[in-house]
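Student: This is the structure I want to talk about, given as structure tokens.
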Amino acid sequence: MLVGGSQLHYECEEVLLKDGSRQKDIWGADWFPYTQEVGFESIINIRPSQNNRTMEIQSPEIREQVALITRRLLGGI
């Protein structure tokens, strides 16, 4: 599931949590339509409990999943 259109990632995070998503499954990213690239930095990504201590998604596997979902839903926009 993808949420967008907010000024801040945490606002989208709140929508997903209210809809039943689990915190551990929510990651913040940006979509740059002109270059068709995904940015992986967000304050909501700081999660020491999941071994992610920076704003950038550290796990290559999670980055790939986020990129795949984002490109599948937004690619070409």
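Chain lettering (A, B, ...) mirrors the order of the structure tokens, residue numbering begins at 1 for each chain separately, and ligand numbering begins at 1 in order of display.
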I want to know what sits within 12 Å of Gln36 (chain A), based on only C-alpha atoms, with residues of the same chain fewer than 3 positions away left out; could you give that as a VMD selection string?
Tutor: chain A and resid 30 to 33 39 67 to 68 70 to 77
Student: Going by DSSP on the backbone, which bits of chain A are helix (DSSP H, G or I)? Write them as a PyMOL selection string, please.
Tutor: chain A and resi 9-18+23-25+43-45+48-50+60-74
Student: Set the distance at 9 Å and use only C-alpha atoms: which residues neighbour region 57-66 of chain A once local chain neighbours fewer than 3 positions away are removed? I'd like the list as a compact mmCIF listing (two decimals) with N, CA and C atoms, in the first residue's frame.
Tutor:
# COMPACT_ATOMS: atom_id res chain seq x y z
N TRP A 27 7.63 2.42 5.79
CA TRP A 27 8.90 3.09 5.52
C TRP A 27 8.64 4.35 4.70
N GLY A 28 9.42 5.38 4.97
CA GLY A 28 9.26 6.64 4.26
C GLY A 28 10.21 6.75 3.08
N ALA A 29 9.67 7.22 1.95
CA ALA A 29 10.48 7.41 0.75
C ALA A 29 9.87 8.55 -0.06
N VAL A 38 13.68 6.93 -6.73
CA VAL A 38 13.15 6.85 -5.37
C VAL A 38 14.22 7.36 -4.41
N PHE A 40 15.27 7.52 -0.37
CA PHE A 40 15.00 6.64 0.76
C PHE A 40 15.17 7.30 2.12
N GLU A 41 15.11 8.62 2.19
CA GLU A 41 15.32 9.33 3.45
C GLU A 41 14.02 9.86 4.02
N SER A 42 13.81 9.60 5.30
CA SER A 42 12.66 10.12 6.02
C SER A 42 12.91 9.99 7.52
N ASN A 45 12.02 6.78 9.27
CA ASN A 45 12.86 5.60 9.08
C ASN A 45 13.86 5.39 10.23
N ILE A 46 13.98 6.33 11.13
CA ILE A 46 14.91 6.16 12.26
C ILE A 46 14.27 5.17 13.23
N ASN A 51 17.20 -1.90 13.72
CA ASN A 51 18.57 -1.73 13.26
C ASN A 51 18.70 -0.71 12.13
N ASN A 52 17.86 0.31 12.16
CA ASN A 52 17.93 1.41 11.19
C ASN A 52 18.11 2.69 11.99
N ARG A 53 19.34 3.13 12.11
CA ARG A 53 19.67 4.24 13.01
C ARG A 53 19.77 5.60 12.32
N THR A 54 19.48 5.64 11.03
CA THR A 54 19.55 6.91 10.30
C THR A 54 18.22 7.15 9.58
N ILE A 69 7.80 -1.39 -5.21
CA ILE A 69 6.40 -0.96 -4.99
C ILE A 69 6.19 0.44 -5.55
N THR A 70 7.11 1.34 -5.26
CA THR A 70 6.97 2.73 -5.71
C THR A 70 6.99 2.82 -7.23
N ARG A 71 7.91 2.14 -7.85
CA ARG A 71 8.00 2.19 -9.32
C ARG A 71 6.80 1.52 -9.98
Student: Show me, as a PDB file with all heavy atoms, in the first residue's frame, the residues that have an atom within 12 Å of region 10-16 of chain A when counting only C-alpha atoms, minus same-chain residues fewer than 2 positions from it.
Tutor:
ATOM      1  N   MET A   1       0.852  -1.161   0.000  1.00  0.00           N
ATOM      2  CA  MET A   1       0.000   0.000   0.000  1.00  0.00           C
ATOM      3  C   MET A   1       0.904   1.232   0.000  1.00  0.00           C
ATOM      4  O   MET A   1       1.964   1.231   0.613  1.00  0.00           O
ATOM      5  CB  MET A   1      -0.883  -0.005   1.256  1.00  0.00           C
ATOM      6  CG  MET A   1      -1.889   1.106   1.255  1.00  0.00           C
ATOM      7  SD  MET A   1      -2.957   1.138   2.698  1.00  0.00           S
ATOM      8  CE  MET A   1      -3.686  -0.469   2.654  1.00  0.00           C
ATOM      9  N   LEU A   2       0.474   2.246  -0.690  1.00  0.00           N
ATOM     10  CA  LEU A   2       1.257   3.469  -0.811  1.00  0.00           C
ATOM     11  C   LEU A   2       0.370   4.653  -0.458  1.00  0.00           C
ATOM     12  O   LEU A   2      -0.789   4.700  -0.875  1.00  0.00           O
ATOM     13  CB  LEU A   2       1.769   3.602  -2.240  1.00  0.00           C
ATOM     14  CG  LEU A   2       2.625   4.821  -2.508  1.00  0.00           C
ATOM     15  CD1 LEU A   2       4.083   4.385  -2.595  1.00  0.00           C
ATOM     16  CD2 LEU A   2       2.207   5.438  -3.824  1.00  0.00           C
ATOM     17  N   VAL A   3       0.897   5.578   0.324  1.00  0.00           N
ATOM     18  CA  VAL A   3       0.174   6.799   0.672  1.00  0.00           C
ATOM     19  C   VAL A   3       1.044   7.973   0.267  1.00  0.00           C
ATOM     20  O   VAL A   3       2.256   7.953   0.440  1.00  0.00           O
ATOM     21  CB  VAL A   3      -0.118   6.867   2.187  1.00  0.00           C
ATOM     22  CG1 VAL A   3      -0.763   8.190   2.554  1.00  0.00           C
ATOM     23  CG2 VAL A   3      -1.006   5.729   2.615  1.00  0.00           C
ATOM     24  N   GLY A   4       0.428   9.003  -0.279  1.00  0.00           N
ATOM     25  CA  GLY A   4       1.185  10.185  -0.682  1.00  0.00           C
ATOM     26  C   GLY A   4       0.314  11.427  -0.623  1.00  0.00           C
ATOM     27  O   GLY A   4      -0.849  11.382  -0.245  1.00  0.00           O
ATOM     28  N   GLY A   5       0.919  12.531  -1.013  1.00  0.00           N
ATOM     29  CA  GLY A   5       0.180  13.776  -1.086  1.00  0.00           C
ATOM     30  C   GLY A   5       0.256  14.639   0.147  1.00  0.00           C
ATOM     31  O   GLY A   5      -0.378  15.680   0.220  1.00  0.00           O
ATOM     32  N   SER A   6       1.047  14.230   1.103  1.00  0.00           N
ATOM     33  CA  SER A   6       1.187  14.989   2.335  1.00  0.00           C
ATOM     34  C   SER A   6       2.480  15.786   2.312  1.00  0.00           C
ATOM     35  O   SER A   6       3.403  15.472   1.572  1.00  0.00           O
ATOM     36  CB  SER A   6       1.194  14.021   3.518  1.00  0.00           C
ATOM     37  OG  SER A   6       1.380  14.722   4.711  1.00  0.00           O
ATOM     38  N   GLN A   7       2.530  16.814   3.116  1.00  0.00           N
ATOM     39  CA  GLN A   7       3.761  17.591   3.220  1.00  0.00           C
ATOM     40  C   GLN A   7       4.851  16.826   3.973  1.00  0.00           C
ATOM     41  O   GLN A   7       6.017  16.961   3.668  1.00  0.00           O
ATOM     42  CB  GLN A   7       3.487  18.908   3.934  1.00  0.00           C
ATOM     43  CG  GLN A   7       2.663  19.862   3.125  1.00  0.00           C
ATOM     44  CD  GLN A   7       3.394  21.157   2.907  1.00  0.00           C
ATOM     45  OE1 GLN A   7       4.154  21.578   3.748  1.00  0.00           O
ATOM     46  NE2 GLN A   7       3.160  21.775   1.779  1.00  0.00           N
ATOM     47  N   LEU A   8       4.433  16.025   4.956  1.00  0.00           N
ATOM     48  CA  LEU A   8       5.393  15.320   5.803  1.00  0.00           C
ATOM     49  C   LEU A   8       5.087  13.821   5.834  1.00  0.00           C
ATOM     50  O   LEU A   8       3.927  13.414   5.857  1.00  0.00           O
ATOM     51  CB  LEU A   8       5.350  15.882   7.225  1.00  0.00           C
ATOM     52  CG  LEU A   8       5.640  17.376   7.346  1.00  0.00           C
ATOM     53  CD1 LEU A   8       5.333  17.864   8.740  1.00  0.00           C
ATOM     54  CD2 LEU A   8       7.084  17.677   6.978  1.00  0.00           C
ATOM     55  N   LYS A  18      -3.757   4.089  11.023  1.00  0.00           N
ATOM     56  CA  LYS A  18      -5.209   4.083  11.252  1.00  0.00           C
ATOM     57  C   LYS A  18      -5.907   3.038  10.394  1.00  0.00           C
ATOM     58  O   LYS A  18      -6.948   2.514  10.766  1.00  0.00           O
ATOM     59  CB  LYS A  18      -5.797   5.466  10.977  1.00  0.00           C
ATOM     60  CG  LYS A  18      -5.502   6.475  12.056  1.00  0.00           C
ATOM     61  CD  LYS A  18      -6.111   7.822  11.722  1.00  0.00           C
ATOM     62  CE  LYS A  18      -5.677   8.847  12.764  1.00  0.00           C
ATOM     63  NZ  LYS A  18      -6.155  10.194  12.417  1.00  0.00           N
ATOM     64  N   ASP A  19      -5.315   2.734   9.246  1.00  0.00           N
ATOM     65  CA  ASP A  19      -5.895   1.755   8.327  1.00  0.00           C
ATOM     66  C   ASP A  19      -5.506   0.321   8.690  1.00  0.00           C
ATOM     67  O   ASP A  19      -5.920  -0.622   8.025  1.00  0.00           O
ATOM     68  CB  ASP A  19      -5.459   2.077   6.889  1.00  0.00           C
ATOM     69  CG  ASP A  19      -6.222   1.272   5.864  1.00  0.00           C
ATOM     70  OD1 ASP A  19      -7.471   1.293   5.901  1.00  0.00           O
ATOM     71  OD2 ASP A  19      -5.574   0.623   5.019  1.00  0.00           O
ATOM     72  N   GLY A  20      -4.668   0.156   9.712  1.00  0.00           N
ATOM     73  CA  GLY A  20      -4.317  -1.184  10.164  1.00  0.00           C
ATOM     74  C   GLY A  20      -2.915  -1.653   9.831  1.00  0.00           C
ATOM     75  O   GLY A  20      -2.551  -2.781  10.160  1.00  0.00           O
ATOM     76  N   SER A  21      -2.117  -0.820   9.175  1.00  0.00           N
ATOM     77  CA  SER A  21      -0.733  -1.218   8.887  1.00  0.00           C
ATOM     78  C   SER A  21       0.074  -1.307  10.178  1.00  0.00           C
ATOM     79  O   SER A  21      -0.230  -0.638  11.163  1.00  0.00           O
ATOM     80  CB  SER A  21      -0.074  -0.200   7.953  1.00  0.00           C
ATOM     81  OG  SER A  21      -0.661  -0.230   6.681  1.00  0.00           O
ATOM     82  N   ARG A  22       1.096  -2.123  10.156  1.00  0.00           N
ATOM     83  CA  ARG A  22       1.980  -2.267  11.315  1.00  0.00           C
ATOM     84  C   ARG A  22       3.157  -1.303  11.173  1.00  0.00           C
ATOM     85  O   ARG A  22       3.725  -1.175  10.077  1.00  0.00           O
ATOM     86  CB  ARG A  22       2.500  -3.699  11.426  1.00  0.00           C
ATOM     87  CG  ARG A  22       1.389  -4.700  11.646  1.00  0.00           C
ATOM     88  CD  ARG A  22       1.910  -6.095  11.720  1.00  0.00           C
ATOM     89  NE  ARG A  22       2.643  -6.426  10.485  1.00  0.00           N
ATOM     90  CZ  ARG A  22       3.204  -7.586  10.236  1.00  0.00           C
ATOM     91  NH1 ARG A  22       3.135  -8.553  11.127  1.00  0.00           N
ATOM     92  NH2 ARG A  22       3.840  -7.801   9.111  1.00  0.00           N
ATOM     93  N   GLN A  23       3.527  -0.665  12.265  1.00  0.00           N
ATOM     94  CA  GLN A  23       4.624   0.308  12.263  1.00  0.00           C
ATOM     95  C   GLN A  23       5.879  -0.261  11.627  1.00  0.00           C
ATOM     96  O   GLN A  23       6.530   0.387  10.828  1.00  0.00           O
ATOM     97  CB  GLN A  23       4.921   0.768  13.698  1.00  0.00           C
ATOM     98  CG  GLN A  23       6.137   1.661  13.821  1.00  0.00           C
ATOM     99  CD  GLN A  23       5.955   2.977  13.118  1.00  0.00           C
ATOM    100  OE1 GLN A  23       4.957   3.625  13.302  1.00  0.00           O
ATOM    101  NE2 GLN A  23       6.908   3.374  12.312  1.00  0.00           N
ATOM    102  N   LYS A  24       6.207  -1.500  11.943  1.00  0.00           N
ATOM    103  CA  LYS A  24       7.449  -2.096  11.440  1.00  0.00           C
ATOM    104  C   LYS A  24       7.449  -2.267   9.922  1.00  0.00           C
ATOM    105  O   LYS A  24       8.490  -2.443   9.315  1.00  0.00           O
ATOM    106  CB  LYS A  24       7.741  -3.423  12.135  1.00  0.00           C
ATOM    107  CG  LYS A  24       6.821  -4.539  11.737  1.00  0.00           C
ATOM    108  CD  LYS A  24       7.196  -5.820  12.481  1.00  0.00           C
ATOM    109  CE  LYS A  24       6.602  -7.003  11.777  1.00  0.00           C
ATOM    110  NZ  LYS A  24       7.561  -7.857  11.156  1.00  0.00           N
ATOM    111  N   ASP A  25       6.269  -2.195   9.300  1.00  0.00           N
ATOM    112  CA  ASP A  25       6.167  -2.370   7.851  1.00  0.00           C
ATOM    113  C   ASP A  25       6.077  -1.050   7.088  1.00  0.00           C
ATOM    114  O   ASP A  25       5.973  -1.063   5.862  1.00  0.00           O
ATOM    115  CB  ASP A  25       4.934  -3.214   7.518  1.00  0.00           C
ATOM    116  CG  ASP A  25       5.032  -4.620   8.077  1.00  0.00           C
ATOM    117  OD1 ASP A  25       6.158  -5.150   8.148  1.00  0.00           O
ATOM    118  OD2 ASP A  25       3.990  -5.179   8.459  1.00  0.00           O
ATOM    119  N   ILE A  26       6.075   0.068   7.800  1.00  0.00           N
ATOM    120  CA  ILE A  26       5.927   1.373   7.157  1.00  0.00           C
ATOM    121  C   ILE A  26       7.290   2.035   7.017  1.00  0.00           C
ATOM    122  O   ILE A  26       8.019   2.193   7.996  1.00  0.00           O
ATOM    123  CB  ILE A  26       4.998   2.296   7.980  1.00  0.00           C
ATOM    124  CG1 ILE A  26       3.603   1.670   8.105  1.00  0.00           C
ATOM    125  CG2 ILE A  26       4.918   3.677   7.345  1.00  0.00           C
ATOM    126  CD1 ILE A  26       2.688   2.414   9.055  1.00  0.00           C
ATOM    127  N   TRP A  27       7.631   2.423   5.792  1.00  0.00           N
ATOM    128  CA  TRP A  27       8.899   3.090   5.517  1.00  0.00           C
ATOM    129  C   TRP A  27       8.644   4.348   4.704  1.00  0.00           C
ATOM    130  O   TRP A  27       7.753   4.374   3.863  1.00  0.00           O
ATOM    131  CB  TRP A  27       9.846   2.157   4.766  1.00  0.00           C
ATOM    132  CG  TRP A  27      10.245   0.994   5.611  1.00  0.00           C
ATOM    133  CD1 TRP A  27       9.626  -0.215   5.678  1.00  0.00           C
ATOM    134  CD2 TRP A  27      11.307   0.959   6.561  1.00  0.00           C
ATOM    135  NE1 TRP A  27      10.251  -1.018   6.608  1.00  0.00           N
ATOM    136  CE2 TRP A  27      11.289  -0.310   7.168  1.00  0.00           C
ATOM    137  CE3 TRP A  27      12.277   1.868   6.963  1.00  0.00           C
ATOM    138  CZ2 TRP A  27      12.201  -0.696   8.134  1.00  0.00           C
ATOM    139  CZ3 TRP A  27      13.187   1.484   7.924  1.00  0.00           C
ATOM    140  CH2 TRP A  27      13.139   0.220   8.503  1.00  0.00           C
ATOM    141  N   GLY A  28       9.419   5.383   4.967  1.00  0.00           N
ATOM    142  CA  GLY A  28       9.256   6.644   4.258  1.00  0.00           C
ATOM    143  C   GLY A  28      10.207   6.755   3.077  1.00  0.00           C
ATOM    144  O   GLY A  28      11.382   6.411   3.177  1.00  0.00           O
ATOM    145  N   ALA A  29       9.673   7.217   1.953  1.00  0.00           N
ATOM    146  CA  ALA A  29      10.479   7.412   0.748  1.00  0.00           C
ATOM    147  C   ALA A  29       9.869   8.552  -0.062  1.00  0.00           C
ATOM    148  O   ALA A  29       8.727   8.946   0.157  1.00  0.00           O
ATOM    149  CB  ALA A  29      10.516   6.127  -0.080  1.00  0.00           C
ATOM    150  N   ASP A  30      10.631   9.060  -1.000  1.00  0.00           N
ATOM    151  CA  ASP A  30      10.166  10.109  -1.905  1.00  0.00           C
ATOM    152  C   ASP A  30      10.204   9.598  -3.333  1.00  0.00           C
ATOM    153  O   ASP A  30      11.050   8.776  -3.693  1.00  0.00           O
ATOM    154  CB  ASP A  30      11.066  11.352  -1.810  1.00  0.00           C
ATOM    155  CG  ASP A  30      10.919  12.066  -0.490  1.00  0.00           C
ATOM    156  OD1 ASP A  30       9.771  12.403  -0.129  1.00  0.00           O
ATOM    157  OD2 ASP A  30      11.945  12.303   0.174  1.00  0.00           O
ATOM    158  N   SER A  42      13.810   9.604   5.300  1.00  0.00           N
ATOM    159  CA  SER A  42      12.658  10.124   6.021  1.00  0.00           C
ATOM    160  C   SER A  42      12.912   9.991   7.515  1.00  0.00           C
ATOM    161  O   SER A  42      13.508   9.012   7.967  1.00  0.00           O
ATOM    162  CB  SER A  42      11.393   9.345   5.651  1.00  0.00           C
ATOM    163  OG  SER A  42      10.310   9.766   6.468  1.00  0.00           O
ATOM    164  N   ILE A  43      12.421  10.954   8.252  1.00  0.00           N
ATOM    165  CA  ILE A  43      12.568  10.908   9.711  1.00  0.00           C
ATOM    166  C   ILE A  43      11.877   9.669  10.290  1.00  0.00           C
ATOM    167  O   ILE A  43      12.321   9.119  11.297  1.00  0.00           O
ATOM    168  CB  ILE A  43      12.053  12.214  10.356  1.00  0.00           C
ATOM    169  CG1 ILE A  43      12.503  12.325  11.806  1.00  0.00           C
ATOM    170  CG2 ILE A  43      10.552  12.320  10.271  1.00  0.00           C
ATOM    171  CD1 ILE A  43      13.900  12.791  11.959  1.00  0.00           C
ATOM    172  N   ILE A  44      10.826   9.190   9.641  1.00  0.00           N
ATOM    173  CA  ILE A  44      10.119   8.019  10.176  1.00  0.00           C
ATOM    174  C   ILE A  44      10.931   6.733  10.019  1.00  0.00           C
ATOM    175  O   ILE A  44      10.563   5.708  10.578  1.00  0.00           O
ATOM    176  CB  ILE A  44       8.709   7.845   9.577  1.00  0.00           C
ATOM    177  CG1 ILE A  44       8.758   7.424   8.113  1.00  0.00           C
ATOM    178  CG2 ILE A  44       7.862   9.096   9.777  1.00  0.00           C
ATOM    179  CD1 ILE A  44       7.417   6.985   7.546  1.00  0.00           C
ATOM    180  N   ASN A  45      12.022   6.785   9.273  1.00  0.00           N
ATOM    181  CA  ASN A  45      12.864   5.600   9.084  1.00  0.00           C
ATOM    182  C   ASN A  45      13.859   5.388  10.226  1.00  0.00           C
ATOM    183  O   ASN A  45      14.511   4.345  10.273  1.00  0.00           O
ATOM    184  CB  ASN A  45      13.629   5.693   7.762  1.00  0.00           C
ATOM    185  CG  ASN A  45      12.705   5.653   6.566  1.00  0.00           C
ATOM    186  OD1 ASN A  45      11.602   5.145   6.635  1.00  0.00           O
ATOM    187  ND2 ASN A  45      13.159   6.225   5.464  1.00  0.00           N
ATOM    188  N   ILE A  46      13.979   6.334  11.132  1.00  0.00           N
ATOM    189  CA  ILE A  46      14.907   6.162  12.263  1.00  0.00           C
ATOM    190  C   ILE A  46      14.273   5.172  13.234  1.00  0.00           C
ATOM    191  O   ILE A  46      13.286   5.485  13.898  1.00  0.00           O
ATOM    192  CB  ILE A  46      15.207   7.501  12.964  1.00  0.00           C
ATOM    193  CG1 ILE A  46      15.855   8.469  11.971  1.00  0.00           C
ATOM    194  CG2 ILE A  46      16.110   7.270  14.179  1.00  0.00           C
ATOM    195  CD1 ILE A  46      16.041   9.873  12.526  1.00  0.00           C
TER     196      ILE A  46
END
